[in-house]
Amino acid sequence: MYDTKWLGLRNGGNARLKKITLNGKKLFFLNYWTSAPGGKLEIRKDGLDGQILTSIDLPATQGRQVIHVPIPETSGVHDLYLLAKNPSVKTDETVLMIEWFAFREGFPGMDNPKSQHMERTFMQLVNMNPESVPVMIENPKEMARTTYVFERGNWMVHGDAVTPAVPAVLNDFPKGAPNNRLGFSQWIVSKQNPLTARTLVNRVWAQLFGRGLVEPLGDMGTQSIPPIHRELLDYLSLKVMNEMNWSVKSLVREMVTSSTYRQSSGLNNKQVEKDPENRYWARGPRFRLSAEQIRDQALAVSGLLSSKMYGPGVMPHQPEGVWMTVYSGEAWTKSDGEDQYRRGIYTFLKRTSPYPSFISFDASSREVCLVDRIRTNTPLQALTTLNDPVYLEAAKALADQMEKDAKGNIRQLVTSGYRRTMFKDPAEDKLIALVKLYHQALNNFKSHPEAATKFLSIAPAGNKNQQQIAAKAANTVVANALLNLDEFLTKS
């Protein structure tokens with residue numbers, strides 16, 4: 001095996017395929033590549049000197065190539081031997097590299113000449129090699145290997161053979177369920193296993209309300225704190241299984257349309273006295289948004305967020321030097337166009353070099369599986385939303401929209417920005433404070449025009465005079481302040 005991924009056969013070399021079921025198999029598919037012409041691959045049955053099932057000529061390829069050849073009808077289970085030969089290469093040189101092979105039944109209608117064009121079309125498709133998503137399928141039963149207990153953990157000393165099952169102390173498999181991954185998934189969502197539904201409800205509740213009905217999220221067993229609202233947890237769990245058909249969308253709708261979720265997060269003295277931690281949900285949830293939500297929200301209100309879906313990960317702006325890869329040519333190449341403004345879920349994540357602004361807001365570095373993120377409040381978070389180029393670009397785009405709405409009126413400019421970010425009108429004291437901030441920034445940029453030009457360099461202002469540039473910079477300062485308000489970064 002080369003790099004544990006490809007089977008390489010040298011000149012005169014061979015490989016054994018153990019216990020291959022050939023009943024009904026008529027075609028042999030081979031995905032291989034070779035740079036040396038004149039090669040040949042033989043498939044022999046039950047030994048290196050056994051019957052030759054087929055002999056395949058191997059012309060040189062340009063990259064990987066899939067071919068198929070007919071094999072004689074053979075019944076039973078046999079060991080097959082692959083033998084590679086090529087007189088034009090040395091003994092220690094590789095004849096071919098094999099990525100995968102398969103024995104298959106024939107094409108439908110393969111004996112009908114009118115159907116041969118479908119066979120050609122199929123082979124063209126499998127050789128196109130487009131971008132694709134690997135889909136894992138389980139090997140047939142005849143290819144399943146026997147699993148043994150290792151005596152004292154020694155893999156060379158086999159104990160009893162074991163078969164797939166669940167611990168005996170837990171519920172049995174559902175009747176008729178196969179002892180494989182399908183059966184295991186049926187067992188997980190069985191109505192005799194209420195833990196799955198309760199765990200789902202608890203984690204979705206935590207996403208929406210800030211904490212679960214049971215804590216901690218990663219332990220729903222005997223060691224966890226008993227749920228304060230046991231009846232609510234059971235009610236939603238039963239509804240998920242019996243009425244919602246495990247639909248997360250239906251579960252979210254049930255929660256967000258409830259009076260509990262829609263109530264105000266405001267706090268009074270009586271609530272502080274009776275329920276300071278809001279464990280009885282006397283008021284609505286209030287907590288800081290996640291790293292991805294904060295970024296997506298800033299891009300959304302500024303009009304920059306891309307609605308593009310699917311595809312590979314993207315690379316938005318990040319500081320230089322984060323990717324210090326000395327052993328390869330990998331580099332963080334900023335995505336072009338709308339890709340740099342796609343949702344945070346599409347941001348390329350590298351375990352050894354996580355996206356910095358996400359880490360500042362307690363996102364996982366992916367070194368370990370994380371069930372529940374711990375929320376912190378640090379100065380670095382404020383520095384991120386104030387100075388990160390992503391948030392400055394969002395502020396500049398928001399300022400452009402505010403300027404269009406205001407038509408020269410500063411109070412209207414501030415009101416427009418507040419409405420776009422908070423979806424309500426600002427209180428008078430907040431309006432006065434933001435108007436004051438605008439005038440302070442405007443006076444400063446008029447006195448230091450080079451500062452305004454430098455401030456807007458992340459998103460150039462175009463051909464405008466210094467006064468227009470100063471006004472644009474002041475607008476952006478106000479927009480940036482709006483994106484940093486506690487009520488913008490906090491769910492309430």
# chains A, B, ... in the order shown; residues from 1 in each chain; ligands from 1
>>> residues_around(residues="Pro319 of chain A", least_positions_apart="4", cutoff="12 Å", atoms="only C-alpha atoms", output="ChimeraX atom specification")
/A:315,323-324,332-334,353-357,384,387-390
>>> residues_around(residues="Arg64 of chain A", least_positions_apart="5", cutoff="8 Å", atoms="only C-alpha atoms", output="JSON, numbers by chain")
{"A": [31, 32, 33]}
>>> select_by_dssp(residues="segment 143-259 of chain A", states="strand (DSSP E)", output="ChimeraX atom specification")
/A:147-150,158-162
>>> residues_around(residues="Thr34 of chain A", least_positions_apart="5", cutoff="9 Å", atoms="only C-alpha atoms", output="MDAnalysis selection string")
chainID A and resid 39 58:64 94:97
>>> write_last_selection(atoms="N, CA and C atoms", output="short mmCIF file (atom, residue, chain, number, x, y, z; two decimals), in the first residue's frame")
data_model
loop_
_atom_site.label_atom_id
_atom_site.label_comp_id
_atom_site.auth_asym_id
_atom_site.auth_seq_id
_atom_site.Cartn_x
_atom_site.Cartn_y
_atom_site.Cartn_z
N GLY A 39 2.04 -2.62 -20.06
CA GLY A 39 1.77 -3.42 -18.88
C GLY A 39 0.60 -4.37 -19.06
N LEU A 58 -2.67 -2.78 -20.11
CA LEU A 58 -2.62 -1.53 -19.36
C LEU A 58 -1.85 -0.47 -20.14
N PRO A 59 -2.51 0.29 -21.00
CA PRO A 59 -1.81 1.39 -21.67
C PRO A 59 -1.51 2.50 -20.67
N ALA A 60 -0.53 3.33 -21.00
CA ALA A 60 -0.20 4.47 -20.13
C ALA A 60 -1.40 5.41 -20.06
N THR A 61 -1.59 6.01 -18.89
CA THR A 61 -2.75 6.88 -18.68
C THR A 61 -2.31 8.30 -18.39
N GLN A 62 -3.23 9.22 -18.61
CA GLN A 62 -3.03 10.61 -18.20
C GLN A 62 -3.85 10.82 -16.93
N GLY A 63 -3.25 10.51 -15.80
CA GLY A 63 -3.99 10.54 -14.55
C GLY A 63 -4.76 9.24 -14.35
N ARG A 64 -5.74 9.27 -13.47
CA ARG A 64 -6.50 8.07 -13.16
C ARG A 64 -7.51 7.76 -14.27
N THR A 94 7.34 0.19 -10.31
CA THR A 94 5.89 -0.01 -10.22
C THR A 94 5.27 -0.10 -11.61
N VAL A 95 4.42 -1.12 -11.79
CA VAL A 95 3.71 -1.29 -13.06
C VAL A 95 2.45 -0.44 -13.08
N LEU A 96 1.69 -0.46 -11.98
CA LEU A 96 0.46 0.33 -11.92
C LEU A 96 0.11 0.62 -10.47
N MET A 97 -0.72 1.66 -10.30
CA MET A 97 -1.28 2.02 -9.00
C MET A 97 -2.79 1.85 -9.10
#
>>> closest_residue(among="A:Leu53, A:Thr376, A:Glu487, A:Asp172", to="Phe423 of chain A", atoms="only C-alpha atoms")
A:Glu487
>>> residues_around(residues="Lys472 of chain A", least_positions_apart="3", cutoff="9 Å", atoms="only C-alpha atoms", output="list in words")
Lys396, Ala399, Asp400, Glu403, Leu442, Ala452, Leu456, Ala461, Gln467, Gln468, Ile469, Asn475, Thr476 and Val477 of chain A
>>> write_last_selection(atoms="C-alpha atoms", output="mmCIF file, in the first residue's frame")
data_model
loop_
_atom_site.group_PDB
_atom_site.id
_atom_site.type_symbol
_atom_site.label_atom_id
_atom_site.label_comp_id
_atom_site.auth_asym_id
_atom_site.auth_seq_id
_atom_site.Cartn_x
_atom_site.Cartn_y
_atom_site.Cartn_z
ATOM 1 C CA LYS A 396 -18.596 51.076 5.627
ATOM 2 C CA ALA A 399 -22.736 53.765 6.359
ATOM 3 C CA ASP A 400 -23.464 53.864 2.608
ATOM 4 C CA GLU A 403 -26.210 58.042 3.876
ATOM 5 C CA LEU A 442 -16.245 64.593 11.657
ATOM 6 C CA ALA A 452 -9.820 59.722 7.184
ATOM 7 C CA LEU A 456 -11.290 54.201 4.666
ATOM 8 C CA ALA A 461 -14.192 56.025 -0.830
ATOM 9 C CA GLN A 467 -14.855 67.135 3.177
ATOM 10 C CA GLN A 468 -16.806 64.279 1.615
ATOM 11 C CA ILE A 469 -14.131 61.818 2.721
ATOM 12 C CA ASN A 475 -20.578 57.940 8.998
ATOM 13 C CA THR A 476 -18.491 54.778 9.155
ATOM 14 C CA VAL A 477 -17.466 55.503 12.759
#
>>> residues_around(residues="Glu277 of chain A", least_positions_apart="3", cutoff="12 Å", atoms="only C-alpha atoms", output="number ranges by chain")
A: 210-211, 267, 271-274, 280-287
>>> residues_around(residues="Arg295 of chain A", least_positions_apart="4", cutoff="10 Å", atoms="only C-alpha atoms", output="JSON, numbers by chain")
{"A": [289, 290, 291, 299, 300, 305, 341, 342, 343, 344, 357, 358, 385, 390, 391, 394, 483, 489]}
>>> write_last_selection(atoms="N, CA and C atoms", output="PDB file, in the first residue's frame")
ATOM      1  N   LEU A 289     -24.319  36.535  21.441  1.00  0.00           N
ATOM      2  CA  LEU A 289     -24.396  35.668  20.272  1.00  0.00           C
ATOM      3  C   LEU A 289     -23.087  34.913  20.067  1.00  0.00           C
ATOM      4  N   SER A 290     -23.141  33.861  19.273  1.00  0.00           N
ATOM      5  CA  SER A 290     -21.942  33.078  18.984  1.00  0.00           C
ATOM      6  C   SER A 290     -21.051  33.806  17.987  1.00  0.00           C
ATOM      7  N   ALA A 291     -19.843  33.304  17.814  1.00  0.00           N
ATOM      8  CA  ALA A 291     -18.870  33.933  16.912  1.00  0.00           C
ATOM      9  C   ALA A 291     -19.414  34.035  15.493  1.00  0.00           C
ATOM     10  N   LEU A 299     -22.667  41.332   8.672  1.00  0.00           N
ATOM     11  CA  LEU A 299     -22.722  41.322   7.207  1.00  0.00           C
ATOM     12  C   LEU A 299     -24.159  41.453   6.705  1.00  0.00           C
ATOM     13  N   ALA A 300     -25.105  40.876   7.437  1.00  0.00           N
ATOM     14  CA  ALA A 300     -26.505  40.909   6.996  1.00  0.00           C
ATOM     15  C   ALA A 300     -27.076  42.323   7.053  1.00  0.00           C
ATOM     16  N   LEU A 305     -23.910  40.281   3.251  1.00  0.00           N
ATOM     17  CA  LEU A 305     -23.992  38.830   3.420  1.00  0.00           C
ATOM     18  C   LEU A 305     -24.458  38.157   2.134  1.00  0.00           C
ATOM     19  N   TYR A 341     -17.924  37.069   1.717  1.00  0.00           N
ATOM     20  CA  TYR A 341     -19.018  37.525   2.578  1.00  0.00           C
ATOM     21  C   TYR A 341     -20.048  36.423   2.803  1.00  0.00           C
ATOM     22  N   ARG A 342     -19.647  35.189   2.637  1.00  0.00           N
ATOM     23  CA  ARG A 342     -20.585  34.093   2.865  1.00  0.00           C
ATOM     24  C   ARG A 342     -20.721  33.813   4.358  1.00  0.00           C
ATOM     25  N   ARG A 343     -21.743  33.054   4.713  1.00  0.00           N
ATOM     26  CA  ARG A 343     -22.009  32.761   6.119  1.00  0.00           C
ATOM     27  C   ARG A 343     -20.807  32.086   6.771  1.00  0.00           C
ATOM     28  N   GLY A 344     -20.709  32.296   8.087  1.00  0.00           N
ATOM     29  CA  GLY A 344     -19.571  31.774   8.826  1.00  0.00           C
ATOM     30  C   GLY A 344     -19.419  30.270   8.737  1.00  0.00           C
ATOM     31  N   SER A 357     -10.868  35.558  14.489  1.00  0.00           N
ATOM     32  CA  SER A 357     -11.998  36.265  15.089  1.00  0.00           C
ATOM     33  C   SER A 357     -13.011  35.295  15.691  1.00  0.00           C
ATOM     34  N   PHE A 358     -13.087  34.074  15.162  1.00  0.00           N
ATOM     35  CA  PHE A 358     -13.980  33.080  15.758  1.00  0.00           C
ATOM     36  C   PHE A 358     -13.450  32.645  17.123  1.00  0.00           C
ATOM     37  N   THR A 385     -14.302  43.374  16.968  1.00  0.00           N
ATOM     38  CA  THR A 385     -15.429  44.002  16.267  1.00  0.00           C
ATOM     39  C   THR A 385     -15.160  45.467  15.939  1.00  0.00           C
ATOM     40  N   VAL A 390     -13.209  42.692   8.430  1.00  0.00           N
ATOM     41  CA  VAL A 390     -14.555  42.232   8.075  1.00  0.00           C
ATOM     42  C   VAL A 390     -15.604  43.166   8.664  1.00  0.00           C
ATOM     43  N   TYR A 391     -15.425  43.553   9.921  1.00  0.00           N
ATOM     44  CA  TYR A 391     -16.405  44.424  10.574  1.00  0.00           C
ATOM     45  C   TYR A 391     -16.283  45.864  10.079  1.00  0.00           C
ATOM     46  N   ALA A 394     -18.110  45.921   6.843  1.00  0.00           N
ATOM     47  CA  ALA A 394     -19.545  45.917   7.125  1.00  0.00           C
ATOM     48  C   ALA A 394     -20.002  47.299   7.576  1.00  0.00           C
ATOM     49  N   LEU A 483     -22.540  48.614  15.352  1.00  0.00           N
ATOM     50  CA  LEU A 483     -22.228  47.185  15.282  1.00  0.00           C
ATOM     51  C   LEU A 483     -21.542  46.683  16.546  1.00  0.00           C
ATOM     52  N   LEU A 489     -24.881  42.889  19.888  1.00  0.00           N
ATOM     53  CA  LEU A 489     -24.103  41.669  20.072  1.00  0.00           C
ATOM     54  C   LEU A 489     -24.779  40.676  21.007  1.00  0.00           C
TER      55      LEU A 489
END
>>> atom_distance(atom1="atom CA of Arg203 of chain A", atom2="atom CA of Tyr346 of chain A")
22.2 Å
>>> closest_atom_pairs(of="segment 306-410 of chain A", to="segment 126-148 of chain A", cutoff="12 Å", atoms="only C-alpha atoms", output="tab-separated table")
residue	atom	partner	partner_atom	distance
A:Tyr310	CA	A:Val133	CA	11.4
A:Gly311	CA	A:Glu131	CA	9.6
A:Pro312	CA	A:Glu131	CA	9.8
>>> closest_residue(among="A:Asn465, A:Val478, A:Ser365, A:Ser306", to="Leu413 of chain A", atoms="only C-alpha atoms")
A:Val478
>>> residues_around(residues="Lys175 of chain A", least_positions_apart="5", cutoff="12 Å", atoms="only C-alpha atoms", output="VMD selection string")
chain A and resid 183 to 184 186 to 187 190 192
>>> write_last_selection(atoms="C-alpha atoms", output="compact mmCIF listing (two decimals), in the first residue's frame")
# COMPACT_ATOMS: atom_id res chain seq x y z
CA GLY A 183 -30.06 -1.14 12.76
CA PHE A 184 -28.00 0.96 15.15
CA GLN A 186 -33.05 2.58 14.24
CA TRP A 187 -32.14 1.64 17.79
CA SER A 190 -36.49 3.93 18.83
CA GLN A 192 -38.03 2.61 23.63
>>> select_by_dssp(residues="segment 252-469 of chain A", states="helix (DSSP H, G or I)", output="ChimeraX atom specification")
/A:252-256,259-262,269-274,291-302,337-341,344-346,356-360,379-387,389-406,410-422,428-447,449-458,466-469
>>> closest_residue(among="A:Val214, A:Ile225, A:Leu27, A:Leu9", to="Met110 of chain A", atoms="only C-alpha atoms")
A:Leu27
>>> closest_residue(among="A:Glu292, A:Asp486, A:Asp92, A:Glu215", to="Arg279 of chain A", atoms="only C-alpha atoms")
A:Glu215
>>> closest_residue(among="A:Ile345, A:Ala161, A:Val371, A:Ile98", to="Pro316 of chain A", atoms="only C-alpha atoms")
A:Ile345
>>> closest_residue(among="A:Pro226, A:Gly153, A:Ser492, A:Val204", to="Ser265 of chain A", atoms="only C-alpha atoms")
A:Ser492
>>> decode(residues="segment 365-412 of chain A", atoms="N, CA and C atoms", output="PDB file, in the first residue's frame")
ATOM      1  N   SER A 365     -11.608  25.334  18.630  1.00  0.00           N
ATOM      2  CA  SER A 365     -10.433  25.176  17.776  1.00  0.00           C
ATOM      3  C   SER A 365     -10.419  23.808  17.100  1.00  0.00           C
ATOM      4  N   ARG A 366     -11.397  22.974  17.417  1.00  0.00           N
ATOM      5  CA  ARG A 366     -11.581  21.648  16.813  1.00  0.00           C
ATOM      6  C   ARG A 366     -10.527  20.636  17.243  1.00  0.00           C
ATOM      7  N   GLU A 367      -9.767  20.940  18.291  1.00  0.00           N
ATOM      8  CA  GLU A 367      -8.817  19.955  18.783  1.00  0.00           C
ATOM      9  C   GLU A 367      -9.528  18.853  19.561  1.00  0.00           C
ATOM     10  N   VAL A 368     -10.656  19.195  20.166  1.00  0.00           N
ATOM     11  CA  VAL A 368     -11.473  18.218  20.878  1.00  0.00           C
ATOM     12  C   VAL A 368     -12.930  18.456  20.501  1.00  0.00           C
ATOM     13  N   CYS A 369     -13.758  17.446  20.698  1.00  0.00           N
ATOM     14  CA  CYS A 369     -15.193  17.585  20.451  1.00  0.00           C
ATOM     15  C   CYS A 369     -15.789  18.468  21.538  1.00  0.00           C
ATOM     16  N   LEU A 370     -16.510  19.499  21.133  1.00  0.00           N
ATOM     17  CA  LEU A 370     -17.046  20.477  22.075  1.00  0.00           C
ATOM     18  C   LEU A 370     -18.565  20.456  22.013  1.00  0.00           C
ATOM     19  N   VAL A 371     -19.199  20.089  23.118  1.00  0.00           N
ATOM     20  CA  VAL A 371     -20.658  20.029  23.177  1.00  0.00           C
ATOM     21  C   VAL A 371     -21.243  21.404  23.447  1.00  0.00           C
ATOM     22  N   ASP A 372     -20.644  22.131  24.375  1.00  0.00           N
ATOM     23  CA  ASP A 372     -21.195  23.418  24.803  1.00  0.00           C
ATOM     24  C   ASP A 372     -20.067  24.439  24.879  1.00  0.00           C
ATOM     25  N   ARG A 373     -20.219  25.560  24.189  1.00  0.00           N
ATOM     26  CA  ARG A 373     -19.210  26.613  24.234  1.00  0.00           C
ATOM     27  C   ARG A 373     -19.360  27.440  25.510  1.00  0.00           C
ATOM     28  N   ILE A 374     -18.245  27.734  26.127  1.00  0.00           N
ATOM     29  CA  ILE A 374     -18.248  28.616  27.291  1.00  0.00           C
ATOM     30  C   ILE A 374     -18.213  30.057  26.794  1.00  0.00           C
ATOM     31  N   ARG A 375     -19.099  30.889  27.294  1.00  0.00           N
ATOM     32  CA  ARG A 375     -19.144  32.292  26.876  1.00  0.00           C
ATOM     33  C   ARG A 375     -18.274  33.126  27.806  1.00  0.00           C
ATOM     34  N   THR A 376     -17.380  33.894  27.207  1.00  0.00           N
ATOM     35  CA  THR A 376     -16.528  34.798  27.969  1.00  0.00           C
ATOM     36  C   THR A 376     -16.725  36.220  27.467  1.00  0.00           C
ATOM     37  N   ASN A 377     -16.282  37.172  28.254  1.00  0.00           N
ATOM     38  CA  ASN A 377     -16.285  38.576  27.853  1.00  0.00           C
ATOM     39  C   ASN A 377     -14.881  39.120  28.070  1.00  0.00           C
ATOM     40  N   THR A 378     -14.173  39.399  26.983  1.00  0.00           N
ATOM     41  CA  THR A 378     -12.791  39.846  27.074  1.00  0.00           C
ATOM     42  C   THR A 378     -12.585  41.093  26.226  1.00  0.00           C
ATOM     43  N   PRO A 379     -11.580  41.906  26.558  1.00  0.00           N
ATOM     44  CA  PRO A 379     -11.282  43.088  25.729  1.00  0.00           C
ATOM     45  C   PRO A 379     -10.958  42.735  24.286  1.00  0.00           C
ATOM     46  N   LEU A 380     -10.407  41.543  24.062  1.00  0.00           N
ATOM     47  CA  LEU A 380     -10.045  41.145  22.703  1.00  0.00           C
ATOM     48  C   LEU A 380     -11.272  41.067  21.798  1.00  0.00           C
ATOM     49  N   GLN A 381     -12.419  40.726  22.368  1.00  0.00           N
ATOM     50  CA  GLN A 381     -13.641  40.669  21.568  1.00  0.00           C
ATOM     51  C   GLN A 381     -14.022  42.055  21.061  1.00  0.00           C
ATOM     52  N   ALA A 382     -13.930  43.062  21.930  1.00  0.00           N
ATOM     53  CA  ALA A 382     -14.237  44.430  21.511  1.00  0.00           C
ATOM     54  C   ALA A 382     -13.238  44.911  20.468  1.00  0.00           C
ATOM     55  N   LEU A 383     -11.972  44.556  20.641  1.00  0.00           N
ATOM     56  CA  LEU A 383     -10.962  44.950  19.659  1.00  0.00           C
ATOM     57  C   LEU A 383     -11.233  44.286  18.307  1.00  0.00           C
ATOM     58  N   THR A 384     -11.767  43.081  18.328  1.00  0.00           N
ATOM     59  CA  THR A 384     -12.083  42.381  17.077  1.00  0.00           C
ATOM     60  C   THR A 384     -13.183  43.092  16.314  1.00  0.00           C
ATOM     61  N   THR A 385     -14.302  43.374  16.968  1.00  0.00           N
ATOM     62  CA  THR A 385     -15.429  44.002  16.267  1.00  0.00           C
ATOM     63  C   THR A 385     -15.160  45.467  15.939  1.00  0.00           C
ATOM     64  N   LEU A 386     -14.195  46.080  16.619  1.00  0.00           N
ATOM     65  CA  LEU A 386     -13.849  47.469  16.307  1.00  0.00           C
ATOM     66  C   LEU A 386     -12.856  47.575  15.160  1.00  0.00           C
ATOM     67  N   ASN A 387     -11.950  46.592  15.032  1.00  0.00           N
ATOM     68  CA  ASN A 387     -10.819  46.752  14.124  1.00  0.00           C
ATOM     69  C   ASN A 387     -10.690  45.688  13.042  1.00  0.00           C
ATOM     70  N   ASP A 388     -11.338  44.550  13.206  1.00  0.00           N
ATOM     71  CA  ASP A 388     -11.213  43.507  12.189  1.00  0.00           C
ATOM     72  C   ASP A 388     -11.726  44.027  10.847  1.00  0.00           C
ATOM     73  N   PRO A 389     -10.966  43.820   9.755  1.00  0.00           N
ATOM     74  CA  PRO A 389     -11.391  44.333   8.440  1.00  0.00           C
ATOM     75  C   PRO A 389     -12.788  43.885   8.021  1.00  0.00           C
ATOM     76  N   VAL A 390     -13.209  42.692   8.430  1.00  0.00           N
ATOM     77  CA  VAL A 390     -14.555  42.232   8.075  1.00  0.00           C
ATOM     78  C   VAL A 390     -15.604  43.166   8.664  1.00  0.00           C
ATOM     79  N   TYR A 391     -15.425  43.553   9.921  1.00  0.00           N
ATOM     80  CA  TYR A 391     -16.405  44.424  10.574  1.00  0.00           C
ATOM     81  C   TYR A 391     -16.283  45.864  10.079  1.00  0.00           C
ATOM     82  N   LEU A 392     -15.072  46.286   9.711  1.00  0.00           N
ATOM     83  CA  LEU A 392     -14.919  47.633   9.157  1.00  0.00           C
ATOM     84  C   LEU A 392     -15.569  47.724   7.772  1.00  0.00           C
ATOM     85  N   GLU A 393     -15.437  46.670   6.981  1.00  0.00           N
ATOM     86  CA  GLU A 393     -16.116  46.668   5.678  1.00  0.00           C
ATOM     87  C   GLU A 393     -17.629  46.676   5.866  1.00  0.00           C
ATOM     88  N   ALA A 394     -18.110  45.921   6.843  1.00  0.00           N
ATOM     89  CA  ALA A 394     -19.545  45.917   7.125  1.00  0.00           C
ATOM     90  C   ALA A 394     -20.002  47.299   7.576  1.00  0.00           C
ATOM     91  N   ALA A 395     -19.193  47.968   8.400  1.00  0.00           N
ATOM     92  CA  ALA A 395     -19.542  49.313   8.862  1.00  0.00           C
ATOM     93  C   ALA A 395     -19.578  50.297   7.700  1.00  0.00           C
ATOM     94  N   LYS A 396     -18.624  50.179   6.776  1.00  0.00           N
ATOM     95  CA  LYS A 396     -18.596  51.076   5.627  1.00  0.00           C
ATOM     96  C   LYS A 396     -19.824  50.863   4.740  1.00  0.00           C
ATOM     97  N   ALA A 397     -20.189  49.591   4.508  1.00  0.00           N
ATOM     98  CA  ALA A 397     -21.367  49.299   3.688  1.00  0.00           C
ATOM     99  C   ALA A 397     -22.642  49.781   4.371  1.00  0.00           C
ATOM    100  N   LEU A 398     -22.712  49.614   5.693  1.00  0.00           N
ATOM    101  CA  LEU A 398     -23.870  50.114   6.439  1.00  0.00           C
ATOM    102  C   LEU A 398     -23.936  51.631   6.365  1.00  0.00           C
ATOM    103  N   ALA A 399     -22.778  52.298   6.451  1.00  0.00           N
ATOM    104  CA  ALA A 399     -22.736  53.765   6.359  1.00  0.00           C
ATOM    105  C   ALA A 399     -23.249  54.240   5.001  1.00  0.00           C
ATOM    106  N   ASP A 400     -22.951  53.500   3.938  1.00  0.00           N
ATOM    107  CA  ASP A 400     -23.464  53.864   2.608  1.00  0.00           C
ATOM    108  C   ASP A 400     -24.988  53.847   2.586  1.00  0.00           C
ATOM    109  N   GLN A 401     -25.583  52.842   3.204  1.00  0.00           N
ATOM    110  CA  GLN A 401     -27.040  52.760   3.240  1.00  0.00           C
ATOM    111  C   GLN A 401     -27.633  53.859   4.118  1.00  0.00           C
ATOM    112  N   MET A 402     -26.973  54.143   5.228  1.00  0.00           N
ATOM    113  CA  MET A 402     -27.444  55.216   6.104  1.00  0.00           C
ATOM    114  C   MET A 402     -27.417  56.556   5.380  1.00  0.00           C
ATOM    115  N   GLU A 403     -26.358  56.779   4.605  1.00  0.00           N
ATOM    116  CA  GLU A 403     -26.210  58.042   3.876  1.00  0.00           C
ATOM    117  C   GLU A 403     -27.321  58.214   2.837  1.00  0.00           C
ATOM    118  N   LYS A 404     -27.706  57.120   2.183  1.00  0.00           N
ATOM    119  CA  LYS A 404     -28.787  57.206   1.200  1.00  0.00           C
ATOM    120  C   LYS A 404     -30.118  57.541   1.867  1.00  0.00           C
ATOM    121  N   ASP A 405     -30.343  56.986   3.058  1.00  0.00           N
ATOM    122  CA  ASP A 405     -31.602  57.238   3.759  1.00  0.00           C
ATOM    123  C   ASP A 405     -31.668  58.638   4.350  1.00  0.00           C
ATOM    124  N   ALA A 406     -30.510  59.171   4.764  1.00  0.00           N
ATOM    125  CA  ALA A 406     -30.494  60.425   5.534  1.00  0.00           C
ATOM    126  C   ALA A 406     -30.709  61.659   4.676  1.00  0.00           C
ATOM    127  N   LYS A 407     -30.142  61.659   3.479  1.00  0.00           N
ATOM    128  CA  LYS A 407     -30.237  62.812   2.576  1.00  0.00           C
ATOM    129  C   LYS A 407     -29.756  64.099   3.255  1.00  0.00           C
ATOM    130  N   GLY A 408     -28.627  63.983   3.964  1.00  0.00           N
ATOM    131  CA  GLY A 408     -28.005  65.159   4.569  1.00  0.00           C
ATOM    132  C   GLY A 408     -28.424  65.449   5.988  1.00  0.00           C
ATOM    133  N   ASN A 409     -29.431  64.779   6.517  1.00  0.00           N
ATOM    134  CA  ASN A 409     -29.908  65.007   7.884  1.00  0.00           C
ATOM    135  C   ASN A 409     -29.192  64.041   8.825  1.00  0.00           C
ATOM    136  N   ILE A 410     -28.415  64.599   9.781  1.00  0.00           N
ATOM    137  CA  ILE A 410     -27.594  63.755  10.649  1.00  0.00           C
ATOM    138  C   ILE A 410     -28.458  62.914  11.579  1.00  0.00           C
ATOM    139  N   ARG A 411     -29.504  63.490  12.158  1.00  0.00           N
ATOM    140  CA  ARG A 411     -30.385  62.714  13.037  1.00  0.00           C
ATOM    141  C   ARG A 411     -31.042  61.567  12.259  1.00  0.00           C
ATOM    142  N   GLN A 412     -31.412  61.851  11.018  1.00  0.00           N
ATOM    143  CA  GLN A 412     -32.013  60.807  10.196  1.00  0.00           C
ATOM    144  C   GLN A 412     -30.986  59.734   9.843  1.00  0.00           C
TER     145      GLN A 412
END
